[in-house]
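S.K.: I'm passing along protein_32.tsv; it holds TSV, N, CA and C atoms.
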```
chain	number	residue	atom	x	y	z
X	98	MET	N	0.83	-1.19	0.00
X	98	MET	CA	0.00	0.00	0.00
X	98	MET	C	0.87	1.25	0.00
X	99	SER	N	0.33	2.29	-0.58
X	99	SER	CA	1.04	3.57	-0.54
X	99	SER	C	0.87	4.18	0.84
X	100	ASP	N	1.99	4.41	1.49
X	100	ASP	CA	1.92	5.03	2.81
X	100	ASP	C	1.85	6.54	2.71
X	101	GLU	N	1.95	7.07	1.50
X	101	GLU	CA	2.04	8.51	1.34
X	101	GLU	C	0.77	9.16	0.84
X	102	ASN	N	0.20	8.64	-0.23
X	102	ASN	CA	-0.90	9.31	-0.91
X	102	ASN	C	-2.19	8.50	-0.78
X	103	HIS	N	-3.25	9.19	-0.34
X	103	HIS	CA	-4.51	8.51	-0.07
X	103	HIS	C	-5.66	9.28	-0.69
X	104	ILE	N	-6.64	8.54	-1.19
X	104	ILE	CA	-7.89	9.12	-1.68
X	104	ILE	C	-9.02	8.43	-0.95
X	105	ARG	N	-9.89	9.25	-0.34
X	105	ARG	CA	-11.03	8.71	0.38
X	105	ARG	C	-12.29	9.46	-0.06
X	106	PRO	N	-13.23	8.75	-0.69
X	106	PRO	CA	-14.51	9.41	-0.99
X	106	PRO	C	-15.30	9.55	0.31
X	107	ARG	N	-15.77	10.75	0.58
X	107	ARG	CA	-16.60	10.97	1.76
X	107	ARG	C	-18.04	10.63	1.41
X	108	VAL	N	-18.75	10.06	2.36
X	108	VAL	CA	-20.16	9.71	2.13
X	108	VAL	C	-20.91	10.97	1.74
X	109	ASN	N	-21.57	10.92	0.57
X	109	ASN	CA	-22.36	12.04	0.04
X	109	ASN	C	-21.56	13.33	-0.07
X	110	GLY	N	-20.24	13.21	-0.21
X	110	GLY	CA	-19.39	14.40	-0.26
X	110	GLY	C	-18.22	14.26	-1.20
X	111	PRO	N	-17.20	15.06	-0.98
X	111	PRO	CA	-16.07	15.17	-1.91
X	111	PRO	C	-15.07	14.01	-1.80
X	112	LEU	N	-14.09	14.06	-2.67
X	112	LEU	CA	-12.92	13.19	-2.58
X	112	LEU	C	-11.91	13.89	-1.69
X	113	ARG	N	-11.49	13.25	-0.63
X	113	ARG	CA	-10.46	13.80	0.26
X	113	ARG	C	-9.14	13.16	-0.14
X	114	CYS	N	-8.22	13.98	-0.64
X	114	CYS	CA	-6.92	13.52	-1.11
X	114	CYS	C	-5.86	14.03	-0.14
X	115	THR	N	-5.05	13.12	0.38
X	115	THR	CA	-4.01	13.50	1.33
X	115	THR	C	-2.67	12.92	0.91
X	116	GLY	N	-1.63	13.56	1.37
X	116	GLY	CA	-0.26	13.14	1.04
X	116	GLY	C	0.46	14.28	0.37
X	117	ASP	N	1.20	13.96	-0.67
X	117	ASP	CA	1.90	14.94	-1.49
X	117	ASP	C	1.04	15.15	-2.73
X	118	VAL	N	0.09	16.08	-2.65
X	118	VAL	CA	-0.96	16.23	-3.65
X	118	VAL	C	-0.71	17.46	-4.52
X	119	GLU	N	-0.81	17.25	-5.84
X	119	GLU	CA	-0.74	18.33	-6.82
X	119	GLU	C	-1.97	18.25	-7.71
X	120	VAL	N	-2.67	19.36	-7.84
X	120	VAL	CA	-3.82	19.44	-8.75
X	120	VAL	C	-3.40	20.34	-9.91
X	121	CYS	N	-3.47	19.79	-11.13
X	121	CYS	CA	-3.02	20.51	-12.32
X	121	CYS	C	-4.12	20.53	-13.36
X	122	ASP	N	-4.08	21.54	-14.22
X	122	ASP	CA	-4.99	21.55	-15.36
X	122	ASP	C	-4.41	20.65	-16.45
X	123	ALA	N	-5.13	20.50	-17.55
X	123	ALA	CA	-4.71	19.59	-18.62
X	123	ALA	C	-3.41	20.02	-19.28
X	124	ASP	N	-3.04	21.30	-19.14
X	124	ASP	CA	-1.79	21.80	-19.71
X	124	ASP	C	-0.62	21.66	-18.75
X	125	GLY	N	-0.86	21.12	-17.56
X	125	GLY	CA	0.20	20.92	-16.58
X	125	GLY	C	0.40	22.09	-15.63
X	126	ASN	N	-0.43	23.11	-15.73
X	126	ASN	CA	-0.33	24.26	-14.83
X	126	ASN	C	-0.83	23.86	-13.44
X	127	LEU	N	-0.05	24.15	-12.43
X	127	LEU	CA	-0.39	23.81	-11.06
X	127	LEU	C	-1.53	24.71	-10.56
X	128	LEU	N	-2.63	24.09	-10.14
X	128	LEU	CA	-3.76	24.83	-9.60
X	128	LEU	C	-3.68	24.92	-8.08
X	129	ARG	N	-3.21	23.83	-7.45
X	129	ARG	CA	-3.07	23.80	-6.00
X	129	ARG	C	-2.18	22.62	-5.63
X	130	SER	N	-1.42	22.80	-4.57
X	130	SER	CA	-0.66	21.69	-4.01
X	130	SER	C	-0.76	21.77	-2.50
X	131	GLY	N	-0.56	20.63	-1.87
X	131	GLY	CA	-0.62	20.61	-0.42
X	131	GLY	C	-0.71	19.20	0.10
X	132	SER	N	-0.92	19.10	1.39
X	132	SER	CA	-1.01	17.77	2.01
X	132	SER	C	-2.45	17.29	2.13
X	133	GLU	N	-3.42	18.17	1.87
X	133	GLU	CA	-4.83	17.79	1.89
X	133	GLU	C	-5.62	18.66	0.93
X	134	VAL	N	-6.36	18.01	0.04
X	134	VAL	CA	-7.19	18.71	-0.93
X	134	VAL	C	-8.52	17.97	-1.02
X	135	GLU	N	-9.62	18.73	-1.03
X	135	GLU	CA	-10.93	18.12	-1.21
X	135	GLU	C	-11.47	18.53	-2.57
X	136	LEU	N	-11.80	17.51	-3.37
X	136	LEU	CA	-12.24	17.73	-4.74
X	136	LEU	C	-13.71	17.37	-4.92
X	137	CYS	N	-14.40	18.20	-5.69
X	137	CYS	CA	-15.81	18.01	-5.96
X	137	CYS	C	-16.02	16.70	-6.72
X	138	ARG	N	-17.01	15.94	-6.29
X	138	ARG	CA	-17.42	14.77	-7.06
X	138	ARG	C	-18.91	14.75	-7.33
X	139	CYS	N	-19.61	15.84	-6.94
X	139	CYS	CA	-21.05	15.93	-7.21
X	139	CYS	C	-21.32	16.65	-8.52
X	140	GLY	N	-20.33	17.39	-9.02
X	140	GLY	CA	-20.49	18.13	-10.26
X	140	GLY	C	-21.12	19.49	-10.11
X	141	GLN	N	-21.42	19.91	-8.88
X	141	GLN	CA	-22.17	21.15	-8.66
X	141	GLN	C	-21.35	22.30	-8.08
X	142	SER	N	-20.11	22.06	-7.71
X	142	SER	CA	-19.29	23.12	-7.11
X	142	SER	C	-19.16	24.31	-8.06
X	143	LYS	N	-19.18	25.48	-7.50
X	143	LYS	CA	-18.93	26.68	-8.30
X	143	LYS	C	-17.44	27.00	-8.34
X	144	ASN	N	-16.66	26.17	-7.69
X	144	ASN	CA	-15.21	26.33	-7.63
X	144	ASN	C	-14.51	25.05	-8.12
X	145	LYS	N	-15.09	24.41	-9.15
X	145	LYS	CA	-14.53	23.17	-9.68
X	145	LYS	C	-13.06	23.37	-10.04
X	146	PRO	N	-12.23	22.42	-9.77
X	146	PRO	CA	-12.49	21.06	-9.34
X	146	PRO	C	-12.58	20.90	-7.82
X	147	PHE	N	-12.53	22.00	-7.09
X	147	PHE	CA	-12.48	21.94	-5.64
X	147	PHE	C	-13.90	21.96	-5.05
X	148	CYS	N	-14.05	21.32	-3.92
X	148	CYS	CA	-15.34	21.25	-3.24
X	148	CYS	C	-15.64	22.59	-2.58
X	149	ASP	N	-16.89	23.04	-2.74
X	149	ASP	CA	-17.33	24.25	-2.04
X	149	ASP	C	-18.56	23.97	-1.17
X	150	GLY	N	-18.87	22.69	-0.95
X	150	GLY	CA	-20.01	22.31	-0.13
X	150	GLY	C	-21.32	22.20	-0.88
X	151	SER	N	-21.31	22.39	-2.19
X	151	SER	CA	-22.55	22.33	-2.98
X	151	SER	C	-23.23	20.97	-2.95
X	152	HIS	N	-22.50	19.92	-2.60
X	152	HIS	CA	-23.09	18.59	-2.56
X	152	HIS	C	-24.27	18.52	-1.59
X	153	ALA	N	-24.24	19.31	-0.54
X	153	ALA	CA	-25.34	19.30	0.44
X	153	ALA	C	-26.62	19.85	-0.18
X	154	GLU	N	-26.51	20.98	-0.88
X	154	GLU	CA	-27.68	21.58	-1.52
X	154	GLU	C	-28.18	20.74	-2.69
X	155	ALA	N	-27.25	20.06	-3.38
X	155	ALA	CA	-27.60	19.26	-4.55
X	155	ALA	C	-28.16	17.89	-4.18
X	156	ASP	N	-28.18	17.59	-2.88
X	156	ASP	CA	-28.62	16.27	-2.41
X	156	ASP	C	-27.85	15.14	-3.08
X	157	PHE	N	-26.55	15.35	-3.27
X	157	PHE	CA	-25.68	14.34	-3.86
X	157	PHE	C	-25.64	13.12	-2.97
X	158	GLU	N	-25.80	11.95	-3.57
X	158	GLU	CA	-25.76	10.72	-2.81
X	158	GLU	C	-24.74	9.76	-3.40
X	159	SER	N	-23.84	9.35	-2.57
X	159	SER	CA	-22.88	8.30	-2.90
X	159	SER	C	-22.29	7.81	-1.60
X	160	ASP	N	-22.44	6.52	-1.36
X	160	ASP	CA	-21.98	5.98	-0.08
X	160	ASP	C	-20.46	5.84	0.01
X	161	GLY	N	-19.75	6.01	-1.10
X	161	GLY	CA	-18.30	5.93	-1.08
X	161	GLY	C	-17.77	4.52	-0.91
X	162	ILE	N	-18.63	3.55	-1.08
X	162	ILE	CA	-18.22	2.15	-0.95
X	162	ILE	C	-18.04	1.57	-2.35
X	163	PHE	N	-16.93	0.88	-2.54
X	163	PHE	CA	-16.67	0.22	-3.82
X	163	PHE	C	-15.90	-1.06	-3.55
X	164	SER	N	-15.87	-1.90	-4.53
X	164	SER	CA	-15.07	-3.12	-4.46
X	164	SER	C	-14.83	-3.59	-5.89
X	165	GLY	N	-14.13	-4.69	-6.02
X	165	GLY	CA	-13.93	-5.26	-7.34
X	165	GLY	C	-12.88	-4.57	-8.19
X	166	VAL	N	-12.12	-3.67	-7.62
X	166	VAL	CA	-11.06	-2.99	-8.36
X	166	VAL	C	-9.75	-3.68	-7.99
X	167	THR	N	-8.96	-4.00	-8.97
X	167	THR	CA	-7.72	-4.71	-8.69
X	167	THR	C	-6.61	-3.74	-8.33
X	168	SER	N	-5.78	-4.18	-7.41
X	168	SER	CA	-4.61	-3.40	-7.02
X	168	SER	C	-3.47	-3.71	-7.96
X	169	GLU	N	-2.55	-2.79	-8.02
X	169	GLU	CA	-1.30	-3.03	-8.73
X	169	GLU	C	-0.16	-2.72	-7.78
X	170	GLU	N	0.94	-3.38	-7.99
X	170	GLU	CA	2.09	-3.15	-7.13
X	170	GLU	C	2.68	-1.78	-7.43
X	171	LEU	N	2.97	-1.05	-6.38
X	171	LEU	CA	3.52	0.28	-6.54
X	171	LEU	C	5.05	0.20	-6.54
X	172	SER	N	5.64	0.66	-7.63
X	172	SER	CA	7.10	0.60	-7.74
X	172	SER	C	7.73	1.98	-7.70
X	173	GLU	N	6.92	2.99	-7.62
X	173	GLU	CA	7.46	4.34	-7.60
X	173	GLU	C	6.98	5.08	-6.36
X	174	SER	N	7.64	6.17	-6.08
X	174	SER	CA	7.20	7.07	-5.03
X	174	SER	C	7.06	8.44	-5.66
X	175	GLY	N	6.48	9.34	-4.94
X	175	GLY	CA	6.33	10.69	-5.47
X	175	GLY	C	4.96	11.24	-5.22
X	176	PRO	N	4.67	12.35	-5.85
X	176	PRO	CA	3.39	13.02	-5.60
X	176	PRO	C	2.21	12.31	-6.25
X	177	LEU	N	1.06	12.61	-5.73
X	177	LEU	CA	-0.20	12.23	-6.36
X	177	LEU	C	-0.61	13.42	-7.21
X	178	ARG	N	-0.54	13.24	-8.51
X	178	ARG	CA	-0.90	14.33	-9.44
X	178	ARG	C	-2.30	14.08	-9.96
X	179	LEU	N	-3.18	15.04	-9.72
X	179	LEU	CA	-4.57	14.98	-10.16
X	179	LEU	C	-4.73	15.94	-11.31
X	180	ILE	N	-5.07	15.42	-12.47
X	180	ILE	CA	-5.14	16.22	-13.68
X	180	ILE	C	-6.60	16.45	-14.06
X	181	VAL	N	-6.96	17.72	-14.13
X	181	VAL	CA	-8.33	18.14	-14.41
X	181	VAL	C	-8.44	18.43	-15.91
X	182	HIS	N	-9.30	17.68	-16.56
X	182	HIS	CA	-9.59	17.92	-17.98
X	182	HIS	C	-10.96	18.59	-18.08
X	183	ASP	N	-11.09	19.55	-18.99
X	183	ASP	CA	-12.36	20.24	-19.16
X	183	ASP	C	-13.47	19.24	-19.47
X	184	ASN	N	-14.58	19.38	-18.79
X	184	ASN	CA	-15.80	18.63	-19.06
X	184	ASN	C	-15.60	17.12	-19.04
X	185	ALA	N	-14.69	16.65	-18.22
X	185	ALA	CA	-14.39	15.21	-18.16
X	185	ALA	C	-14.02	14.83	-16.73
X	186	GLY	N	-13.65	13.56	-16.57
X	186	GLY	CA	-13.26	13.04	-15.28
X	186	GLY	C	-11.93	13.61	-14.82
X	187	LEU	N	-11.49	13.12	-13.71
X	187	LEU	CA	-10.26	13.54	-13.08
X	187	LEU	C	-9.27	12.39	-13.21
X	188	LEU	N	-8.10	12.64	-13.77
X	188	LEU	CA	-7.09	11.59	-13.90
X	188	LEU	C	-6.11	11.71	-12.76
X	189	ALA	N	-5.93	10.62	-12.04
X	189	ALA	CA	-5.00	10.59	-10.92
X	189	ALA	C	-3.80	9.75	-11.34
X	190	HIS	N	-2.61	10.29	-11.12
X	190	HIS	CA	-1.38	9.59	-11.47
X	190	HIS	C	-0.39	9.70	-10.31
X	191	GLY	N	0.24	8.60	-10.02
X	191	GLY	CA	1.22	8.55	-8.95
X	191	GLY	C	0.83	7.46	-7.97
X	192	PRO	N	1.71	7.11	-7.08
X	192	PRO	CA	1.38	6.05	-6.13
X	192	PRO	C	0.27	6.50	-5.18
X	193	MET	N	-0.78	5.67	-5.07
X	193	MET	CA	-1.91	6.05	-4.22
X	193	MET	C	-2.61	4.82	-3.69
X	194	THR	N	-3.27	5.01	-2.57
X	194	THR	CA	-4.19	4.02	-2.05
X	194	THR	C	-5.55	4.69	-1.98
X	195	ILE	N	-6.54	4.02	-2.57
X	195	ILE	CA	-7.91	4.53	-2.56
X	195	ILE	C	-8.70	3.65	-1.60
X	196	TYR	N	-9.37	4.28	-0.65
X	196	TYR	CA	-10.12	3.56	0.38
X	196	TYR	C	-11.60	3.74	0.16
X	197	SER	N	-12.37	2.66	0.38
X	197	SER	CA	-13.82	2.83	0.41
X	197	SER	C	-14.17	3.54	1.72
X	198	SER	N	-15.28	4.24	1.73
X	198	SER	CA	-15.61	5.06	2.90
X	198	SER	C	-15.84	4.25	4.16
X	199	ASP	N	-16.21	2.99	4.02
X	199	ASP	CA	-16.43	2.16	5.20
X	199	ASP	C	-15.15	1.51	5.71
X	200	GLY	N	-14.04	1.70	4.98
X	200	GLY	CA	-12.76	1.16	5.40
X	200	GLY	C	-12.59	-0.33	5.16
X	201	ASN	N	-13.57	-0.97	4.53
X	201	ASN	CA	-13.51	-2.41	4.31
X	201	ASN	C	-12.76	-2.81	3.04
X	202	PHE	N	-12.42	-1.85	2.20
X	202	PHE	CA	-11.74	-2.18	0.96
X	202	PHE	C	-10.79	-1.05	0.60
X	203	SER	N	-9.63	-1.42	0.11
X	203	SER	CA	-8.69	-0.43	-0.41
X	203	SER	C	-7.99	-1.02	-1.62
X	204	VAL	N	-7.50	-0.15	-2.46
X	204	VAL	CA	-6.83	-0.56	-3.68
X	204	VAL	C	-5.64	0.35	-3.91
X	205	THR	N	-4.52	-0.22	-4.32
X	205	THR	CA	-3.36	0.59	-4.68
X	205	THR	C	-3.27	0.67	-6.19
X	206	ARG	N	-2.97	1.85	-6.67
X	206	ARG	CA	-2.91	2.11	-8.12
X	206	ARG	C	-1.85	3.18	-8.39
X	207	THR	N	-1.47	3.27	-9.65
X	207	THR	CA	-0.64	4.39	-10.08
X	207	THR	C	-1.38	5.27	-11.08
X	208	ASP	N	-2.45	4.77	-11.64
X	208	ASP	CA	-3.28	5.55	-12.56
X	208	ASP	C	-4.73	5.15	-12.39
X	209	VAL	N	-5.61	6.14	-12.35
X	209	VAL	CA	-7.04	5.87	-12.25
X	209	VAL	C	-7.80	7.11	-12.71
X	210	ALA	N	-8.99	6.89	-13.27
X	210	ALA	CA	-9.88	8.00	-13.64
X	210	ALA	C	-10.99	8.06	-12.61
X	211	LEU	N	-11.22	9.24	-12.07
X	211	LEU	CA	-12.21	9.46	-11.02
X	211	LEU	C	-13.34	10.34	-11.54
X	212	CYS	N	-14.55	10.05	-11.08
X	212	CYS	CA	-15.72	10.81	-11.50
X	212	CYS	C	-15.74	12.17	-10.83
X	213	ARG	N	-16.10	13.19	-11.59
X	213	ARG	CA	-16.35	14.50	-11.01
X	213	ARG	C	-17.64	15.13	-11.50
X	214	CYS	N	-18.42	14.37	-12.31
X	214	CYS	CA	-19.71	14.88	-12.76
X	214	CYS	C	-20.84	14.49	-11.81
X	215	GLY	N	-20.58	13.49	-10.95
X	215	GLY	CA	-21.58	13.04	-10.00
X	215	GLY	C	-22.54	12.00	-10.53
X	216	GLN	N	-22.38	11.59	-11.78
X	216	GLN	CA	-23.36	10.70	-12.40
X	216	GLN	C	-22.85	9.29	-12.68
X	217	SER	N	-21.60	9.01	-12.46
X	217	SER	CA	-21.05	7.69	-12.75
X	217	SER	C	-21.81	6.60	-11.99
X	218	ALA	N	-22.02	5.47	-12.64
X	218	ALA	CA	-22.64	4.33	-11.98
X	218	ALA	C	-21.59	3.53	-11.21
X	219	ASN	N	-20.35	3.96	-11.29
X	219	ASN	CA	-19.23	3.25	-10.67
X	219	ASN	C	-18.43	4.17	-9.75
X	220	LYS	N	-19.13	5.10	-9.07
X	220	LYS	CA	-18.45	6.05	-8.19
X	220	LYS	C	-17.57	5.34	-7.18
X	221	PRO	N	-16.42	5.83	-6.88
X	221	PRO	CA	-15.87	7.13	-7.23
X	221	PRO	C	-15.15	7.14	-8.58
X	222	PHE	N	-15.24	6.05	-9.33
X	222	PHE	CA	-14.50	5.96	-10.58
X	222	PHE	C	-15.32	6.48	-11.75
X	223	CYS	N	-14.64	6.99	-12.74
X	223	CYS	CA	-15.27	7.53	-13.94
X	223	CYS	C	-15.70	6.39	-14.86
X	224	ASP	N	-16.92	6.48	-15.39
X	224	ASP	CA	-17.39	5.53	-16.39
X	224	ASP	C	-17.81	6.26	-17.67
X	225	ILE	N	-17.31	7.43	-17.87
X	225	ILE	CA	-17.53	8.38	-18.98
X	225	ILE	C	-18.98	8.85	-19.13
X	226	THR	N	-19.78	8.76	-18.08
X	226	THR	CA	-21.14	9.29	-18.09
X	226	THR	C	-21.13	10.79	-18.31
X	227	HIS	N	-20.00	11.47	-18.00
X	227	HIS	CA	-19.93	12.92	-18.18
X	227	HIS	C	-20.26	13.32	-19.62
X	228	LYS	N	-20.01	12.45	-20.57
X	228	LYS	CA	-20.34	12.74	-21.97
X	228	LYS	C	-21.84	12.76	-22.18
X	229	GLU	N	-22.54	11.81	-21.57
X	229	GLU	CA	-23.99	11.71	-21.72
X	229	GLU	C	-24.73	12.83	-21.00
X	230	CYS	N	-24.25	13.20	-19.81
X	230	CYS	CA	-24.97	14.22	-19.03
X	230	CYS	C	-24.49	15.63	-19.36
X	231	GLN	N	-23.58	15.77	-20.32
X	231	GLN	CA	-23.06	17.06	-20.78
X	231	GLN	C	-22.49	17.88	-19.63
X	232	PHE	N	-21.67	17.20	-18.84
X	232	PHE	CA	-21.00	17.84	-17.70
X	232	PHE	C	-20.13	19.00	-18.17
X	233	GLU	N	-20.23	20.10	-17.45
X	233	GLU	CA	-19.38	21.25	-17.71
X	233	GLU	C	-18.48	21.47	-16.51
X	234	GLY	N	-17.21	21.25	-16.73
X	234	GLY	CA	-16.26	21.35	-15.64
X	234	GLY	C	-15.42	22.57	-15.69
```
How would this structure read if it were set down as structure tokens?

M.R.:
Amino acid sequence: MSDENHIRPRVNGPLRCTGDVEVCDADGNLLRSGSEVELCRCGQSKNKPFCDGSHAEADFESDGIFSGVTSEELSESGPLRLIVHDNAGLLAHGPMTIYSSDGNFSVTRTDVALCRCGQSANKPFCDITHKECQFEG
């Protein structure tokens, strides 16, 4: 498991990313870095990709529980880079451990696509529903 970088979907709330976190736009420009960042996953934030609490007003529902995702062995260390693409999911690159909100499942990965439109049937992971719902990020 990655002892450094963690992603935890909060029940009915944002993605909480901790560790050595960098959030960049698609051109590689740094938007924010730090040891803790909360990212919108309901699709309603007025400060996308960051959470502004809009999930409460939007009645966003997601229990943050997932399973069935395979882990991969982590051979690198370094930052968790979250790349924000316009009107699409969030690409996470770097060594990370993703935890289900109930703590019963975790997966280690170096690359994963995460939902930020709020409509994926596979939350917290992207299933490209953002194309169907015409998500504007």

S.K.: In Å to one decimal, how far is atom CA of Leu171 of chain X from atom CA of Cys148 of chain X?

M.R.: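 Here the two named atoms are 28.4 Å from each other.
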
S.K.: With distances taken over only C-alpha atoms, which residue among X:Leu128, X:Leu187, X:Cys214, X:Leu179 lies nearest Ser142 of chain X?

M.R.: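 Nearest to Ser142 of chain X: X:Cys214.
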
S.K.: Find the spatial neighbours of Glu135 of chain X, counting all atoms listed in the file, within a cut-off of 6 Å - ignore same-chain residues fewer than 6 positions away - and output them as a VMD selection string.

M.R.: chain X and resid 111 to 114 146 to 148

S.K.: I need the chosen residues saved as a tab-separated table (two decimals), keeping the file's coordinate frame, with N, CA and C atoms.

M.R.:
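In the end it all went to out_35.tsv:
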```tsv
chain	number	residue	atom	x	y	z
X	111	PRO	N	-17.20	15.06	-0.98
X	111	PRO	CA	-16.07	15.17	-1.91
X	111	PRO	C	-15.07	14.01	-1.80
X	112	LEU	N	-14.09	14.06	-2.67
X	112	LEU	CA	-12.92	13.19	-2.58
X	112	LEU	C	-11.91	13.89	-1.69
X	113	ARG	N	-11.49	13.25	-0.63
X	113	ARG	CA	-10.46	13.80	0.26
X	113	ARG	C	-9.14	13.16	-0.14
X	114	CYS	N	-8.22	13.98	-0.64
X	114	CYS	CA	-6.92	13.52	-1.11
X	114	CYS	C	-5.86	14.03	-0.14
X	146	PRO	N	-12.23	22.42	-9.77
X	146	PRO	CA	-12.49	21.06	-9.34
X	146	PRO	C	-12.58	20.90	-7.82
X	147	PHE	N	-12.53	22.00	-7.09
X	147	PHE	CA	-12.48	21.94	-5.64
X	147	PHE	C	-13.90	21.96	-5.05
X	148	CYS	N	-14.05	21.32	-3.92
X	148	CYS	CA	-15.34	21.25	-3.24
X	148	CYS	C	-15.64	22.59	-2.58
```

S.K.: Looking at only C-alpha atoms, which of X:Leu127, X:Cys121, X:Ala189, X:Val108 is the one that sits closest to Phe157 of chain X?

M.R.: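 Of X:Leu127, X:Cys121, X:Ala189, X:Val108, the one nearest Phe157 of chain X is X:Val108, counting only C-alpha atoms.
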
S.K.: Name the closest residue to Ser174 of chain X among the candidates X:Met193, X:Ser151, X:Gly215, X:Arg105; distances are taken between atoms, counting only C-alpha atoms.

M.R.: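 Ranking X:Met193, X:Ser151, X:Gly215, X:Arg105 by distance to Ser174 of chain X, first place goes to X:Met193.
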
S.K.: Compute the distance from (-11.7, 6.7, 4.3) to each atom, counting all atoms listed in the file, keep the residues with any atom at most 6.5 Å away, and return them as a list in words; use the coordinates of the file.

M.R.: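 Neighbouring residues, ordered by chain and number, come to Ile104, Arg105, Pro106, Tyr196, Ser197, Ser198, Asp199 and Gly200 of chain X.
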
S.K.: Could you write out the selected residues, including N, CA and C atoms, as a tab-separated table (two decimals), in the coordinates of the input?

M.R.:
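Output contents, as saved in result.tsv:
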```tsv
chain	number	residue	atom	x	y	z
X	104	ILE	N	-6.64	8.54	-1.19
X	104	ILE	CA	-7.89	9.12	-1.68
X	104	ILE	C	-9.02	8.43	-0.95
X	105	ARG	N	-9.89	9.25	-0.34
X	105	ARG	CA	-11.03	8.71	0.38
X	105	ARG	C	-12.29	9.46	-0.06
X	106	PRO	N	-13.23	8.75	-0.69
X	106	PRO	CA	-14.51	9.41	-0.99
X	106	PRO	C	-15.30	9.55	0.31
X	196	TYR	N	-9.37	4.28	-0.65
X	196	TYR	CA	-10.12	3.56	0.38
X	196	TYR	C	-11.60	3.74	0.16
X	197	SER	N	-12.37	2.66	0.38
X	197	SER	CA	-13.82	2.83	0.41
X	197	SER	C	-14.17	3.54	1.72
X	198	SER	N	-15.28	4.24	1.73
X	198	SER	CA	-15.61	5.06	2.90
X	198	SER	C	-15.84	4.25	4.16
X	199	ASP	N	-16.21	2.99	4.02
X	199	ASP	CA	-16.43	2.16	5.20
X	199	ASP	C	-15.15	1.51	5.71
X	200	GLY	N	-14.04	1.70	4.98
X	200	GLY	CA	-12.76	1.16	5.40
X	200	GLY	C	-12.59	-0.33	5.16
```

S.K.: What does the structure give for the distance between atom CA of Gly140 of chain X and atom CA of Gln216 of chain X, in Å to one decimal?

M.R.: 8.2 Å

S.K.: Have a look at X:Arg129, X:His152, X:Lys145, X:Arg213 and name the one nearest to Gly186 of chain X; count all atoms listed in the file.

M.R.: X:Arg213

S.K.: Which is closer to Asp117 of chain X than all the others in X:Gly131, X:Gly234, X:Gly191, X:Gly161, using only C-alpha atoms?

M.R.: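 Among X:Gly131, X:Gly234, X:Gly191, X:Gly161, it is X:Gly131 that comes nearest to Asp117 of chain X.
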
S.K.: Skipping near chain neighbours, those fewer than 4 positions away, what residues fall within 9 Å of Asn184 of chain X using only C-alpha atoms, listed as a list in words?

M.R.: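 In the requested form, the answer reads Cys214, His227, Lys228, Gln231, Phe232, Glu233 and Gly234 of chain X.
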
S.K.: When DSSP works through the backbone of this structure, what residues of chain X end up as alpha helix (DSSP H), shown as a PDB file with N, CA and C atoms, in the coordinates of the input?

M.R.:
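After the write, part_8.pdb holds the following:
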```
ATOM      1  N   SER X 151     -21.310  22.390  -2.190  1.00  0.00           N
ATOM      2  CA  SER X 151     -22.550  22.330  -2.980  1.00  0.00           C
ATOM      3  C   SER X 151     -23.230  20.970  -2.950  1.00  0.00           C
ATOM      4  N   HIS X 152     -22.500  19.920  -2.600  1.00  0.00           N
ATOM      5  CA  HIS X 152     -23.090  18.590  -2.560  1.00  0.00           C
ATOM      6  C   HIS X 152     -24.270  18.520  -1.590  1.00  0.00           C
ATOM      7  N   ALA X 153     -24.240  19.310  -0.540  1.00  0.00           N
ATOM      8  CA  ALA X 153     -25.340  19.300   0.440  1.00  0.00           C
ATOM      9  C   ALA X 153     -26.620  19.850  -0.180  1.00  0.00           C
ATOM     10  N   GLU X 154     -26.510  20.980  -0.880  1.00  0.00           N
ATOM     11  CA  GLU X 154     -27.680  21.580  -1.520  1.00  0.00           C
ATOM     12  C   GLU X 154     -28.180  20.740  -2.690  1.00  0.00           C
ATOM     13  N   THR X 226     -19.780   8.760 -18.080  1.00  0.00           N
ATOM     14  CA  THR X 226     -21.140   9.290 -18.090  1.00  0.00           C
ATOM     15  C   THR X 226     -21.130  10.790 -18.310  1.00  0.00           C
ATOM     16  N   HIS X 227     -20.000  11.470 -18.000  1.00  0.00           N
ATOM     17  CA  HIS X 227     -19.930  12.920 -18.180  1.00  0.00           C
ATOM     18  C   HIS X 227     -20.260  13.320 -19.620  1.00  0.00           C
ATOM     19  N   LYS X 228     -20.010  12.450 -20.570  1.00  0.00           N
ATOM     20  CA  LYS X 228     -20.340  12.740 -21.970  1.00  0.00           C
ATOM     21  C   LYS X 228     -21.840  12.760 -22.180  1.00  0.00           C
ATOM     22  N   GLU X 229     -22.540  11.810 -21.570  1.00  0.00           N
ATOM     23  CA  GLU X 229     -23.990  11.710 -21.720  1.00  0.00           C
ATOM     24  C   GLU X 229     -24.730  12.830 -21.000  1.00  0.00           C
TER      25      GLU X 229
END
```

S.K.: Per DSSP on the backbone, what are the strand (DSSP E) residues of segment 98-230 of chain X, as a PyMOL selection string?

M.R.: chain X and resi 103-106+112-122+127-136+177-181+187-196+203-211

S.K.: Find the residue from X:Asn126, X:Thr194, X:Ser159, X:Ser217 that sits nearest to Asn109 of chain X; use only C-alpha atoms when measuring.

M.R.: X:Ser159

S.K.: Put the listed atoms of segment 146-162 of chain X in a box along x, y and z with 5 Å added on every side and give me the centre and edge lengths in Å to one decimal, as lines of an AutoDock Vina configuration file.

M.R.:
```
center_x = -20.4
center_y = 12.9
center_z = -4.7
size_x = 26.4
size_y = 32.7
size_z = 20.2
```

S.K.: Which distance in Å separates atom CA of Gly110 of chain X and atom N of Phe202 of chain X, to one decimal?

M.R.: 17.9 Å
